Each structure stands twice: as structure tokens, then as C-alpha cells.
Amino acid sequence: MTVPLDSAAQLSQLLTSGEATAVEVAQEALRRIEASEPAINAFNHVAGEAVIRQAEELDKRRSAGQPLGRLAGIPVAVKDVLCTTEMPTTCASRMLRDYMSPYDATVIAKLRAADALLIGKTNMDEFAMGASTENSACGPTYNPWDRTRTPGGSSGGAAAAVAACDVPLSLGSDTGGSIRQPAAFCGITGMKPTYGRVSRYGLVAFASSLDQIGPMSWDAADNALLMSVIAGHDPRDSTSLPAAVDDYSLAVAQADVRGMRIGVIRDQLENPGLDDDARQAVQAAIDVFRDAGAELIDVRFQYSRYWVPTYYIIAPCEASSNLSRYDGAHYGFRSLGTREVVQKFGPLMAMYCHSRDDGFGPEVKRRIMLGTYALSEGYAAKYYTKALSVRRLIRQDYDDAFAKVDILLGPVTPTPAFRLGEKMDDPLQMYLCDLFTVGANLAGLPALAVPAGKTADALPVGIQLQAAPLHEPALYRAAGAFQQATEHHTRRPPQ
Amino acid sequence: MAFSEQEIRQLARLARLELTAEEVRMVGPQLERILEFVQQLAELNTDQVEPMTTALDIQNCWAADQVADGLQRSAALANAPQADGEHFLVPPVLPGGNG
């Protein structure tokens, strides 16, 4: 029997009916990972034997008729930015090369409680800073659709692990597009939830006012399943929202957009940076939604051209503050420094500065420098406070749009997956990958990337749906309808 | 705007980074280019706009003042680059000390 590692729903069915055991699923996932890893490098750590033992336990409990969690026996991969006991948490950084977290992130605890098989930790841009998974101390991840291209980033490993059919589900994190952009590049579905919908406790912080954890999967139904497991209030995250969790799976199953007002972000479609394939995917999606009974309405965003500049002030400022904790003293990489520096600045300062210079990679250092500059005396008002004010204007744009429409439709990325190395020499070009995604982070609202087309070279192209805070069900309902009418989410990379 | 090498070194000091000479040469022009790009925001008049510090308009949330389990000392020290079983060990804080 073949084990369908590309569908949590199908796996669940086989496990429930007794046609497959959790051990068989775990073994098959590990075999599959072993076979695909040399070509893809999606994982920084694979759990191995521990997963088999967990699966044996599950099978015993199942045959004893004991109640099991919603993800019982389903292999899930998690981005290496989520704290896990029993597996290292490296953030793909030399700084945390040997770090073992003494506690589980809340989402990890929820996965364990749901009886998911925690199969491993996935590769990423160092500390989630990047759009290609090339800024990794563990080497780049390769796109399963075309190994000469990047899977996107920073959750590139989490996206590639799903696209390579290693696992049906993964968790990424999204600060400026880091779930949605790799989902689009890898032809899968990826959700950036409302800020505060998923607990950030145990998510290694990059930019705390923007970071969210979210699910990645082939289709909206699997995505909603994982989302319903991880969503909810957490007293250990003071920005966590107390609102009740909606039934996301029901929303996907409703798959109904009749009467739904869908706003087409016209200025994004007219953006000269938008590639023809990406534009055509949105245009085709407009027709799909119209045929399904939605009302399509053009909307314009007054401040969308300021999204990326606003983001690249706020995110580095928060990062420079958050990453000050890596000092070589309590955990992480330590370097004592050269005698010259020790003499000049004293042994402690020398340790701080050398540990950080040797422990962090170039992009992380660039952002720390940028944030330090923008927060320094004399510049904070000009850069940081200014960006916070523009952030409010950007949010106002969204509020105005959601007074007229239920959800927004637009592109995820300006282009399909680009080639490895293509943007590594030019940080600004890499930042412009976030052109259409950072708005949702700045405004704190949910956004979903859905596979919606392909290029002449068969590379995947996605569309992005966005909604008002806590309106994830509207996104899942629309994605359910879209995937009922299209087959983009069923296309798999060549083996 | 152009950064001098000395300004970059000063900034690196604030950021607690000991950049190599090569890094100092590289990062100056990169920062200039990024800052020039983000400078677009100056076009907007935001005098009447209140800065938005959180993603959503959330209220402060209070935690009950209750004792809860924290990390065991051994767990807290487990990742230390250097420890003696009770303390984190660091180089001398004052120059001339012997730690």
C-alpha cells in the first residue's frame, strides 16, 4: 500500500480505518525524507527513532480504543525557529548551533497534545531573515520543482518538505511574507494568521510586532486542520487574542463564495514589478471567483508603495533589540576575541562583540546594524517613529478596503521562484520580494497564499487572499471554493 | 548620505559587533542604499498621525501575581558556554580582574 504523504486528510482516514498504522506512516515519512534530502536539504534535524517509538505508542493506544488527538499519526515538520525539547533549535544560525531549548513552544505542546508525529526541524534563513533560505548556516534548501531555484524564504525548508511530499503538514513563521512567499514558490497553501491568533510563546523572536506562526500544506482543508490545532489564546503570550477559535475546517467545507465581496487590489496588478505569470494567475482567479458567484470589486491602496520601506525600518529595529540577547554569556556561541580587542575594550565587551560577529551571518548583522542606526539618538524620530506613523496609515488603507469588501485578492510574489544566488549580492532586491506580503504583517491581519497557476517552465504561481483581523474563516471559505473549481493544488513536482 | 569607516565602526560598537575590515567596507554602502530607499517615507506628512506600536489595538494584559514553576537551575545552565554548576561564567567584567 502506498502511504499518501501529501494529504493529512487521507492519512487520517487510513489510520482510522486501520488500513495503515502510525508506525508505517512514520517509517514511510523517514524513508521519503532520506531519499529526498540529498537533493532538497529541507531539514536541519530529523527525529528518527524517537518518531517510531511515538508511533508505536499511538498504535497501542488506538488498538486499546483510547481517544486520540486530531493529528494522531500525521507527520508534521516544524521550522527550526520553534523551540522544541528533544530536538535542537538552531534558527539555522551558528549562534545557536548546539542549542537545546529547555521548553516547548506553545504550538509544539499543542502538536504533541494532538498526537502529531514531530518528524523534524526545517531549514530557514538565519533567524528568519531572508526570502530564499540561502542565508542559512546549514546550506541552502533547493526548490523541489526545480533544484536550480530557491524554495523562497524564510520558511523555505517547511515549504520544500511539503512540496517534496516528505510530510503533509508543516509549521512556518511569517514576519513579512515568510510563509506565503515560499508557499507560492513551492506550489502549496500557506496561512499567515491574524497577529495574536497563534501564540508566539517559544517562537524565537525576530520582529515581535510582526511575527506569526502558521500552517503550510497542499490544500486548504489540511491547512485548516493544522490551524485549528495551533490557534487559541495563550496566557504566556501577552499579545495573544482571547477570542474564541472558529471552525476553520467547516469554513473550507462550506466552499461557498456566493455573495462574497472580493476586492481586487488594482494597484498591485498594475505594479511594473509584477511578472506576467503572476498577473495572469490573479486574473484567472478573478474569473474563477466570479463564476462561483462572488462579487468582484476594484480597490486601491493609497499607501501600498510605502509598505516595504516601512517594513524595512520597523523589522530591523525590532530585530536589533530582540537579538541583543545573544551575548555569548548564557547560551549560544561564544568567542573570546583577539588580544587587541580585549586590551582595547576589556574582556567582557570583547566577548560580546566577537561572539556576535562570529555567531551571526551577514544578513543578520546587516539588519542589526540597520536597526541600531534607525534607533540611535538623533535618528529614531526620523526613521523609527516615522515608520510607526506610516504603519497606521497603511492599516487605515486596509480598514477602508474592508468597509467595502469581505476579502482581498492579489498576487503573493512579484515573480515565480528565482534562481539560487540571483539576489544574494543585492540586499535591496531580496527585500523587494516582500512587495505584496508585508502589508498583512504591518496591519496584523490574516493572509493566505494559494496555488493558482504555473509558468511555461511549470513553476508554481500563487495568489494571495487577505481579510480583516480574525476573519480567517472567510479566507478558508474562499480557498475551499477556489480549490473546488481548480486543480493547481493537486499538481506535484516531478519525482 | 555616506558613512565613514569610523562611523560604521562606531555603529558596530553600539550593536556589539566586532566587524572585520572587509565587513566594514561592505556594509557601509549597503546601509546607505537601504536608507536611501526607506527615506521615501519622508514624502508623507505624518504630523497628525499617532505612531502605531502594536499590530492590533490591544489592551495591556495583567497576569495574576501567583508563584509558578520556573526553570530548574540545571536546565537554565545546560546551554551555557561556560558554567560551574551554579553560575554562568564570563570573562572578567573589569579589565585586569582574573574572573
# chains A, B, ... in the order shown; residues from 1 in each chain; ligands from 1
>>> interface_residues(of="chain A", to="chain B", cutoff="6 Å", atoms="only C-alpha atoms", output="count of residues only")
16
>>> residues_around(residues="Pro75 in chain A", least_positions_apart="5", cutoff="9 Å", atoms="only C-alpha atoms", output="list in words")
Leu5, Ala8, Val25, Ala26, Ala29, Val51, Ala116, Leu117, Leu118, Ile119, Asp166, Val167, Pro168, Leu169 and Ser170 of chain A
>>> closest_residue(among="A:Met129, A:Ala221, A:Leu420, A:Cys138", to="Ala479 in chain A", atoms="only C-alpha atoms")
A:Ala221
>>> residues_around(residues="Met351 in chain A", least_positions_apart="6", cutoff="7 Å", atoms="only C-alpha atoms", output="list in words")
Gly328, Arg334, Ser335, Leu336 and Gly337 of chain A
>>> atom_distance(atom1="CA of Pro144 in chain A", atom2="CA of Ala160 in chain A")
6.3 Å
>>> closest_residue(among="A:Ser238, A:Gln13, A:Thr175, A:Gln302", to="Gln268 in chain A", atoms="only C-alpha atoms")
A:Gln302
>>> atom_distance(atom1="CA of Val23 in chain A", atom2="CA of Pro494 in chain A")
26.8 Å
>>> select_by_dssp(residues="range 49-95 of chain A", states="strand (DSSP E or B)", output="list in words")
Pro75, Val76, Ala77, Val78, Lys79 and Leu82 of chain A
>>> select_by_dssp(residues="range 8-86 of chain B", states="alpha helix (DSSP H)", output="MDAnalysis selection string")
chainID B and resid 8:14 21:38 73:77
>>> closest_residue(among="A:Val288, A:Ala22, A:Ala281, A:Val390", to="Tyr303 in chain A", atoms="only C-alpha atoms")
A:Val390
>>> decode(residues="chain B", atoms="C-alpha atoms", output="PDB file, in the first residue's frame")
ATOM      1  CA  MET B   1      24.463  60.068   2.811  1.00  0.00           C
ATOM      2  CA  ALA B   2      27.837  58.387   3.037  1.00  0.00           C
ATOM      3  CA  PHE B   3      29.207  56.595   6.100  1.00  0.00           C
ATOM      4  CA  SER B   4      32.852  56.905   7.012  1.00  0.00           C
ATOM      5  CA  GLU B   5      34.627  53.763   8.188  1.00  0.00           C
ATOM      6  CA  GLN B   6      34.813  55.289  11.617  1.00  0.00           C
ATOM      7  CA  GLU B   7      31.033  55.844  11.709  1.00  0.00           C
ATOM      8  CA  ILE B   8      30.432  52.222  10.743  1.00  0.00           C
ATOM      9  CA  ARG B   9      32.813  51.064  13.481  1.00  0.00           C
ATOM     10  CA  GLN B  10      31.021  53.276  16.000  1.00  0.00           C
ATOM     11  CA  LEU B  11      27.647  51.870  14.925  1.00  0.00           C
ATOM     12  CA  ALA B  12      29.027  48.328  15.158  1.00  0.00           C
ATOM     13  CA  ARG B  13      30.205  49.108  18.677  1.00  0.00           C
ATOM     14  CA  LEU B  14      26.671  50.206  19.642  1.00  0.00           C
ATOM     15  CA  ALA B  15      25.372  46.953  18.126  1.00  0.00           C
ATOM     16  CA  ARG B  16      28.061  44.946  19.968  1.00  0.00           C
ATOM     17  CA  LEU B  17      29.576  43.640  16.756  1.00  0.00           C
ATOM     18  CA  GLU B  18      33.310  43.461  16.087  1.00  0.00           C
ATOM     19  CA  LEU B  19      33.216  43.705  12.296  1.00  0.00           C
ATOM     20  CA  THR B  20      36.211  42.690  10.222  1.00  0.00           C
ATOM     21  CA  ALA B  21      37.817  45.280   7.934  1.00  0.00           C
ATOM     22  CA  GLU B  22      36.152  43.579   4.963  1.00  0.00           C
ATOM     23  CA  GLU B  23      32.727  43.722   6.655  1.00  0.00           C
ATOM     24  CA  VAL B  24      33.193  47.398   7.457  1.00  0.00           C
ATOM     25  CA  ARG B  25      33.947  48.122   3.783  1.00  0.00           C
ATOM     26  CA  MET B  26      30.950  46.086   2.570  1.00  0.00           C
ATOM     27  CA  VAL B  27      28.229  47.171   4.975  1.00  0.00           C
ATOM     28  CA  GLY B  28      28.612  50.956   4.634  1.00  0.00           C
ATOM     29  CA  PRO B  29      27.423  51.210   1.016  1.00  0.00           C
ATOM     30  CA  GLN B  30      24.719  48.588   1.647  1.00  0.00           C
ATOM     31  CA  LEU B  31      23.291  50.565   4.560  1.00  0.00           C
ATOM     32  CA  GLU B  32      23.440  53.764   2.501  1.00  0.00           C
ATOM     33  CA  ARG B  33      21.428  52.150  -0.282  1.00  0.00           C
ATOM     34  CA  ILE B  34      18.807  50.729   2.086  1.00  0.00           C
ATOM     35  CA  LEU B  35      18.493  54.014   3.991  1.00  0.00           C
ATOM     36  CA  GLU B  36      18.072  55.905   0.750  1.00  0.00           C
ATOM     37  CA  PHE B  37      15.263  53.516  -0.161  1.00  0.00           C
ATOM     38  CA  VAL B  38      13.429  53.796   3.170  1.00  0.00           C
ATOM     39  CA  GLN B  39      13.859  57.568   3.062  1.00  0.00           C
ATOM     40  CA  GLN B  40      10.787  57.623   0.743  1.00  0.00           C
ATOM     41  CA  LEU B  41       8.696  57.837   3.898  1.00  0.00           C
ATOM     42  CA  ALA B  42       9.804  61.462   4.313  1.00  0.00           C
ATOM     43  CA  GLU B  43       7.422  62.348   1.433  1.00  0.00           C
ATOM     44  CA  LEU B  44       4.478  61.718   3.723  1.00  0.00           C
ATOM     45  CA  ASN B  45       3.245  64.253   6.222  1.00  0.00           C
ATOM     46  CA  THR B  46       2.535  62.301   9.397  1.00  0.00           C
ATOM     47  CA  ASP B  47       2.390  65.206  11.859  1.00  0.00           C
ATOM     48  CA  GLN B  48      -1.207  64.360  12.810  1.00  0.00           C
ATOM     49  CA  VAL B  49      -0.773  60.579  12.825  1.00  0.00           C
ATOM     50  CA  GLU B  50      -0.262  58.723  16.060  1.00  0.00           C
ATOM     51  CA  PRO B  51       2.534  56.140  15.807  1.00  0.00           C
ATOM     52  CA  MET B  52       1.202  52.570  15.762  1.00  0.00           C
ATOM     53  CA  THR B  53       3.259  50.469  18.150  1.00  0.00           C
ATOM     54  CA  THR B  54       1.299  47.228  18.103  1.00  0.00           C
ATOM     55  CA  ALA B  55      -0.146  45.310  15.175  1.00  0.00           C
ATOM     56  CA  LEU B  56      -3.650  45.368  16.611  1.00  0.00           C
ATOM     57  CA  ASP B  57      -5.136  47.753  19.119  1.00  0.00           C
ATOM     58  CA  ILE B  58      -4.693  45.516  22.103  1.00  0.00           C
ATOM     59  CA  GLN B  59      -5.062  46.413  25.761  1.00  0.00           C
ATOM     60  CA  ASN B  60      -2.435  45.798  28.371  1.00  0.00           C
ATOM     61  CA  CYS B  61      -2.981  42.398  29.885  1.00  0.00           C
ATOM     62  CA  TRP B  62      -2.304  41.627  33.510  1.00  0.00           C
ATOM     63  CA  ALA B  63      -1.085  38.356  34.895  1.00  0.00           C
ATOM     64  CA  ALA B  64      -2.207  37.149  38.293  1.00  0.00           C
ATOM     65  CA  ASP B  65       0.545  37.551  40.881  1.00  0.00           C
ATOM     66  CA  GLN B  66       0.968  33.853  41.522  1.00  0.00           C
ATOM     67  CA  VAL B  67       4.029  31.732  42.090  1.00  0.00           C
ATOM     68  CA  ALA B  68       4.556  29.278  39.228  1.00  0.00           C
ATOM     69  CA  ASP B  69       7.251  26.760  38.402  1.00  0.00           C
ATOM     70  CA  GLY B  70      10.252  28.244  36.659  1.00  0.00           C
ATOM     71  CA  LEU B  71      13.248  26.641  35.015  1.00  0.00           C
ATOM     72  CA  GLN B  72      15.365  24.388  37.177  1.00  0.00           C
ATOM     73  CA  ARG B  73      18.879  25.752  37.589  1.00  0.00           C
ATOM     74  CA  SER B  74      20.431  22.784  35.809  1.00  0.00           C
ATOM     75  CA  ALA B  75      18.127  23.355  32.814  1.00  0.00           C
ATOM     76  CA  ALA B  76      18.930  27.064  32.745  1.00  0.00           C
ATOM     77  CA  LEU B  77      22.667  26.347  32.817  1.00  0.00           C
ATOM     78  CA  ALA B  78      22.545  23.460  30.341  1.00  0.00           C
ATOM     79  CA  ASN B  79      23.215  25.646  27.293  1.00  0.00           C
ATOM     80  CA  ALA B  80      25.805  27.901  28.931  1.00  0.00           C
ATOM     81  CA  PRO B  81      29.081  28.232  27.025  1.00  0.00           C
ATOM     82  CA  GLN B  82      30.765  28.039  30.435  1.00  0.00           C
ATOM     83  CA  ALA B  83      29.230  27.283  33.840  1.00  0.00           C
ATOM     84  CA  ASP B  84      30.309  25.819  37.170  1.00  0.00           C
ATOM     85  CA  GLY B  85      27.049  24.094  38.072  1.00  0.00           C
ATOM     86  CA  GLU B  86      25.759  27.117  39.955  1.00  0.00           C
ATOM     87  CA  HIS B  87      26.705  30.146  37.883  1.00  0.00           C
ATOM     88  CA  PHE B  88      27.216  31.313  34.330  1.00  0.00           C
ATOM     89  CA  LEU B  89      30.928  32.015  33.924  1.00  0.00           C
ATOM     90  CA  VAL B  90      32.044  35.021  31.877  1.00  0.00           C
ATOM     91  CA  PRO B  91      35.381  36.752  31.314  1.00  0.00           C
ATOM     92  CA  PRO B  92      36.371  39.410  33.884  1.00  0.00           C
ATOM     93  CA  VAL B  93      33.912  42.275  33.875  1.00  0.00           C
ATOM     94  CA  LEU B  94      36.586  44.762  34.949  1.00  0.00           C
ATOM     95  CA  PRO B  95      39.811  44.867  32.955  1.00  0.00           C
ATOM     96  CA  GLY B  96      42.676  43.417  34.979  1.00  0.00           C
ATOM     97  CA  GLY B  97      40.442  41.072  37.011  1.00  0.00           C
ATOM     98  CA  ASN B  98      41.033  37.335  36.805  1.00  0.00           C
ATOM     99  CA  GLY B  99      37.431  36.204  36.553  1.00  0.00           C
TER     100      GLY B  99
END
